[in-house]
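To start, the structure itself, in structure tokens.
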Amino acid sequence: MTSTLVRRHGSRHETDPARVRAQARARDWTEIQERMLVPLQEAVYARVGLGPGARVLELGCGSGLGLLLAAGRGASVAGAETERPELLAHAQRRLRGTGDVPAGDGPLLGDDAWGAAGPGAGHSLVVSFRPLGCTAGDAAALGAQLARALDGARRGTQVVLTGWGPPERCAATGVLRAAHRLSEPVAGPGAWRSAGRDDLEDVTSTAGLRLEGSGRVSCPFGYSDPENAVRGLLSTGLLDAALAATDTARVAKELVEALHPHTRADGSVWLPNVFRYVVARSV
């Protein structure tokens with residue numbers, strides 16, 4: 001009887017529409033969209049000279065590509081993910097299945113990462129590769145995560161935060177903004193906003209960090225075709241308000257129309273973007 005009940009419960013769980021959608025988007029993020037941020041991640045790690053002996057805590061680690069790149073440079077890694085926990089399963093498979101993670105010092109993910117961020121944790125770098133900008137409330141959310149990560153951190157802990165560049169330099173934000181109009185007027189967290197010039201500096205100032213430098217990185221989004229682009233952009237979570245206000249089919253239609261000027265003769269899609277980062281330290 002028990003096994004029958006378990007099987008039935010599992011069947012309902014696996015066919016829950018919301019869970020199925022979340023899993024599909026997590027796969028699209030992992031397989032299509034996440035790699036678009038590799039130039040930004042590599043530039044940041046090069047800027048801070050990341051290497052063996054470093055201890056990295058990534059805020060909003062998603063499915064773990066940024067952590068994988070850090071582990072490949074010899075760093076010990078931990079990743080926190082509060083907004084999209086469905087991505088952690090992909091991060092676990094990706095990180096625990098590689099020999100790049102230092103022996104005996106495996107990745108700490110999810111709640112375990114927050115435990116590692118407590119007093120005496122000794123992280124040398126706290127980083128967020130979830131670009132700030134495009135949704136209302138994201139600065140406050142990042143600030144709260146940063147405060148939690150730095151609670152009890154040693155003096156001089158390095159912090160790197162990333163954000164969208166100027167809207168006129170980011171083709172992807174124009175495409176996303178066009179589709180997001182379906183949710184207007186929407187206020188509060190999740191509503192659209194344009195990236196601000198001083199977003200990153202404002203967060204570092206509020207957190208009491210000492211700003212040490214900044215940089216910009218060209219980070220184009222390239223897709224094999226418009227369908228692939230739609231799947232990738234929907235997986236970012238930046239269109240959740242539009243999806244809630246209407247339906248996936250209508251949002252996808254708006255995206256395809258907005259992508260038309262960026263679709264090449266061979267059917268591929270190319271969206272040039274510039275992302276920003278700031279380097280700071282705890283004092």
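Every chain in the structure tokens takes a letter, A first, then B, and so on in the order presented; its residues are numbered from 1, and the ligands are numbered from 1 following the presented order.
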
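All residues in region 10-103 of chain A with a DSSP state of strand (DSSP E), computed from the backbone, read Arg55, Val56, Leu57, Glu58, Leu59, Ser76, Val77, Ala78, Gly79 and Ala80 of chain A.
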
field: Nearby residues (only C-alpha atoms) at most 12 Å from Gln158 (chain A), same-chain spacing under 3 positions excluded, as JSON, numbers by chain
entry: {"A": [44, 45, 47, 48, 49, 50, 54, 55, 56, 57, 58, 122, 123, 124, 125, 126, 127, 128, 146, 149, 150, 153, 154, 155, 161, 204, 209, 210, 211, 212, 213, 278, 279, 280, 281, 282, 283]}

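Look at region 239-244 of chain A: the protein and nucleic acid residues within 8 Å of it, using only C-alpha atoms and passing over chain neighbours fewer than 4 places away, are Leu176, Ala179, His180, Arg181, Leu182, Ser183, Val186, Gly190, Ala191, Leu234, Thr248 and Val251 of chain A.
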
Take the residues just selected and output them with N, CA and C atoms as an mmCIF file, in the first residue's frame.
data_model
loop_
_atom_site.group_PDB
_atom_site.id
_atom_site.type_symbol
_atom_site.label_atom_id
_atom_site.label_comp_id
_atom_site.auth_asym_id
_atom_site.auth_seq_id
_atom_site.Cartn_x
_atom_site.Cartn_y
_atom_site.Cartn_z
ATOM 1 N N LEU A 176 13.714 42.689 -24.572
ATOM 2 C CA LEU A 176 12.996 42.324 -23.355
ATOM 3 C C LEU A 176 11.972 43.393 -22.976
ATOM 4 N N ALA A 179 8.701 43.139 -24.992
ATOM 5 C CA ALA A 179 7.807 42.077 -24.540
ATOM 6 C C ALA A 179 7.224 42.394 -23.171
ATOM 7 N N HIS A 180 7.961 43.115 -22.357
ATOM 8 C CA HIS A 180 7.498 43.416 -21.004
ATOM 9 C C HIS A 180 6.342 44.399 -20.996
ATOM 10 N N ARG A 181 6.114 45.096 -22.114
ATOM 11 C CA ARG A 181 4.991 46.039 -22.171
ATOM 12 C C ARG A 181 3.656 45.332 -21.959
ATOM 13 N N LEU A 182 3.626 44.028 -22.179
ATOM 14 C CA LEU A 182 2.385 43.272 -21.977
ATOM 15 C C LEU A 182 1.945 43.291 -20.521
ATOM 16 N N SER A 183 2.864 43.562 -19.618
ATOM 17 C CA SER A 183 2.530 43.550 -18.190
ATOM 18 C C SER A 183 2.224 44.939 -17.649
ATOM 19 N N VAL A 186 2.434 47.720 -14.259
ATOM 20 C CA VAL A 186 2.740 46.863 -13.113
ATOM 21 C C VAL A 186 3.699 47.607 -12.215
ATOM 22 N N GLY A 190 9.572 43.003 -9.746
ATOM 23 C CA GLY A 190 9.279 42.306 -10.997
ATOM 24 C C GLY A 190 8.878 43.229 -12.117
ATOM 25 N N ALA A 191 8.458 44.476 -11.788
ATOM 26 C CA ALA A 191 8.117 45.441 -12.828
ATOM 27 C C ALA A 191 9.393 45.876 -13.551
ATOM 28 N N LEU A 234 13.218 33.856 -22.323
ATOM 29 C CA LEU A 234 12.189 33.515 -21.343
ATOM 30 C C LEU A 234 12.790 32.872 -20.094
ATOM 31 N N THR A 248 2.275 32.549 -22.304
ATOM 32 C CA THR A 248 3.570 32.323 -22.939
ATOM 33 C C THR A 248 3.513 32.581 -24.441
ATOM 34 N N VAL A 251 3.628 36.360 -25.176
ATOM 35 C CA VAL A 251 4.953 36.906 -24.880
ATOM 36 C C VAL A 251 5.955 36.469 -25.941
#

task: Write down as an MDAnalysis selection string the residues belonging to region 51-202 of chain A that are assigned helix (DSSP H, G or I) by DSSP computed on the backbone.
output: chainID A and resid 65:72 85:96 111:116 138:150 167:169 171:183 199:202

task: Could you give me, as a ChimeraX atom specification, the residues within 9 Å of Gln92 (chain A), counting only C-alpha atoms and dropping anything in the same chain fewer than 3 positions from it?
output: /A:63-64,87-89,95-97,107,109

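Using only C-alpha atoms, the shortest contact distance between Tyr277 (chain A) and any of A:Ser235, A:Thr157, A:Thr206, A:Ser218 is found at A:Ser218.
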
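Counting from CA of Ser214 (chain A), the distance to CA of Pro39 (chain A) is 15.4 Å.
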
statement: Nearest to Arg94 (chain A), restricted to only C-alpha atoms and choosing among A:Ala172, A:Ala26, A:Ala136, A:Leu68, comes out as A:Leu68

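Considering only C-alpha atoms, the residue among A:Trp29, A:Trp114, A:Phe129, A:Trp192 positioned nearest to Cys61 (chain A) is A:Phe129.
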
message: Could you tell me how far CA of Gly51 (chain A) sits from CA of Glu201 (chain A), in Å to one decimal place?
response: 26.0 Å
